[in-house]
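Chemist: Right, I'll just put the structure down here and ask away after.
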Amino acid sequence: MPVTGSVVAYQDRLIDMLAFQNGGVGSLELVDMVLVNAGESGWSCTGIVKLAQRFLLELLTEQGSIFYEPNRGTTFMTDLRFQRVRTTVDAEYSFALGLQQAKLQLQLEETDDMPDDEKFGRAELISLTLAPQDTLKIRLNLFSLAGTGVTLVLPLETTLG
């Protein structure tokens, strides 16, 4: 179940629909990328959860895949798709580059009227593991400009070359 809060947490804020269902942000459980599960009406998010979603969507979008916004996204998933990641060093380099690209895009779209807990502060890589079953597992801490933080867990399927 996603992170929930009181109505006060949503007062005077723009909300977003939660795209990552199941365990939610910071969970070790694999998530479904859907806006609405069967039998539900969907979930909304704000604050650090909204920032985490913005970050993940930016990081996992292939740069150039959005026709009218060719600079959106990163080269990270492209590297995975084209099997450019063969070692842990390759993965760390590709992720570091993707992280910087995502940071730049997020900061470019942020405005003065956005709450600081929805603005990108920094991200710190905790661990990155290439598993022999063609899985790249990434754990990182994401912090907002307000200092609130969350741990993100990314299990990504990839083909090791």
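Convention: chains lettered A, B, ... in structure tokens order; per-chain residue numbering from 1; ligands numbered from 1 as shown.
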Need to verify the contact set: A:Phe55, 8 Å, only C-alpha atoms, exclusion of same-chain residues closer than 6 positions in sequence. Can you return it as a PDB file with C-alpha atoms, in the first residue's frame?

Modeler:
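selection-v8.pdb was written with the following content:
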ATOM      1  CA  ALA A 102      17.796  13.601 -14.082  1.00  0.00           C
ATOM      2  CA  LYS A 103      18.925  16.191 -11.518  1.00  0.00           C
ATOM      3  CA  LEU A 106      14.142  18.141 -12.403  1.00  0.00           C
TER       4      LEU A 106
END

Chemist: What are the closest atom pairs, with distances in Å to one decimal, for each residue of stretch 42-64 of chain A lying within 10 Å of stretch 138-157 of chain A, using only C-alpha atoms, rows by chain and rising residue number, as CSV?

Modeler:
residue,atom,partner,partner_atom,distance
A:Gly47,CA,A:Ser144,CA,8.7
A:Ile48,CA,A:Thr148,CA,6.7
A:Val49,CA,A:Val150,CA,8.1
A:Leu51,CA,A:Ser144,CA,7.3
A:Ala52,CA,A:Leu142,CA,7.2
A:Gln53,CA,A:Leu152,CA,10.0
A:Phe55,CA,A:Leu142,CA,8.7
A:Leu56,CA,A:Leu152,CA,8.9
A:Leu60,CA,A:Leu156,CA,9.9

Chemist: Extract the full set of alpha helix (DSSP H) residues from stretch 73-107 of chain A according to DSSP on the backbone, and format it as a ChimeraX atom specification.

Modeler: /A:76-81,88-107

Chemist: What would the file look like if the residues just selected were written as an mmCIF file, in the first residue's frame with C-alpha atoms?

Modeler:
data_model
loop_
_atom_site.group_PDB
_atom_site.id
_atom_site.type_symbol
_atom_site.label_atom_id
_atom_site.label_comp_id
_atom_site.auth_asym_id
_atom_site.auth_seq_id
_atom_site.Cartn_x
_atom_site.Cartn_y
_atom_site.Cartn_z
ATOM 1 C CA PHE A 76 20.664 5.267 -18.316
ATOM 2 C CA MET A 77 17.923 2.965 -19.667
ATOM 3 C CA THR A 78 19.337 3.289 -23.190
ATOM 4 C CA ASP A 79 22.657 1.952 -21.897
ATOM 5 C CA LEU A 80 20.833 -1.019 -20.347
ATOM 6 C CA ARG A 81 18.724 -1.661 -23.443
ATOM 7 C CA THR A 88 29.593 -3.060 -12.036
ATOM 8 C CA VAL A 89 31.892 -0.211 -13.109
ATOM 9 C CA ASP A 90 29.846 0.225 -16.319
ATOM 10 C CA ALA A 91 26.649 0.292 -14.269
ATOM 11 C CA GLU A 92 28.032 2.806 -11.766
ATOM 12 C CA TYR A 93 29.213 5.112 -14.562
ATOM 13 C CA SER A 94 25.939 4.890 -16.484
ATOM 14 C CA PHE A 95 23.903 5.459 -13.334
ATOM 15 C CA ALA A 96 26.046 8.435 -12.242
ATOM 16 C CA LEU A 97 25.554 10.060 -15.646
ATOM 17 C CA GLY A 98 21.808 9.328 -15.564
ATOM 18 C CA LEU A 99 21.592 10.776 -12.061
ATOM 19 C CA GLN A 100 23.185 14.052 -13.193
ATOM 20 C CA GLN A 101 20.891 14.233 -16.233
ATOM 21 C CA ALA A 102 17.796 13.601 -14.082
ATOM 22 C CA LYS A 103 18.925 16.191 -11.518
ATOM 23 C CA LEU A 104 19.330 18.843 -14.230
ATOM 24 C CA GLN A 105 15.914 18.133 -15.767
ATOM 25 C CA LEU A 106 14.142 18.141 -12.403
ATOM 26 C CA GLN A 107 15.747 21.411 -11.348
#

Chemist: Quick one: everything within 12 Å of A:Ser65, counting only C-alpha atoms, minus sequence neighbours fewer than 6 positions away in the same chain. Send it as a PyMOL selection string.

Modeler: chain A and resi 58+71-75+77-78

Chemist: Please produce an output containing C-alpha atoms for each residue in the selection, written as an mmCIF file, in the first residue's frame.

Modeler:
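Dumped to part-v2.cif:
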data_model
loop_
_atom_site.group_PDB
_atom_site.id
_atom_site.type_symbol
_atom_site.label_atom_id
_atom_site.label_comp_id
_atom_site.auth_asym_id
_atom_site.auth_seq_id
_atom_site.Cartn_x
_atom_site.Cartn_y
_atom_site.Cartn_z
ATOM 1 C CA GLU A 58 12.939 11.088 -15.262
ATOM 2 C CA ASN A 71 16.086 16.514 -23.742
ATOM 3 C CA ARG A 72 13.780 14.843 -21.193
ATOM 4 C CA GLY A 73 14.935 11.591 -19.644
ATOM 5 C CA THR A 74 18.410 10.116 -19.337
ATOM 6 C CA THR A 75 20.791 7.810 -21.179
ATOM 7 C CA MET A 77 17.923 2.965 -19.667
ATOM 8 C CA THR A 78 19.337 3.289 -23.190
#

Chemist: To one decimal place in Å, what is the distance between atom CA of A:Glu69 and atom CA of A:Phe120?

Modeler: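 For atom CA of A:Glu69 relative to atom CA of A:Phe120, the distance reads 20.2 Å.
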
Chemist: To one decimal in Å, tell me the separation between atom CA of A:Lys50 and atom CA of A:Lys119.

Modeler: 9.4 Å
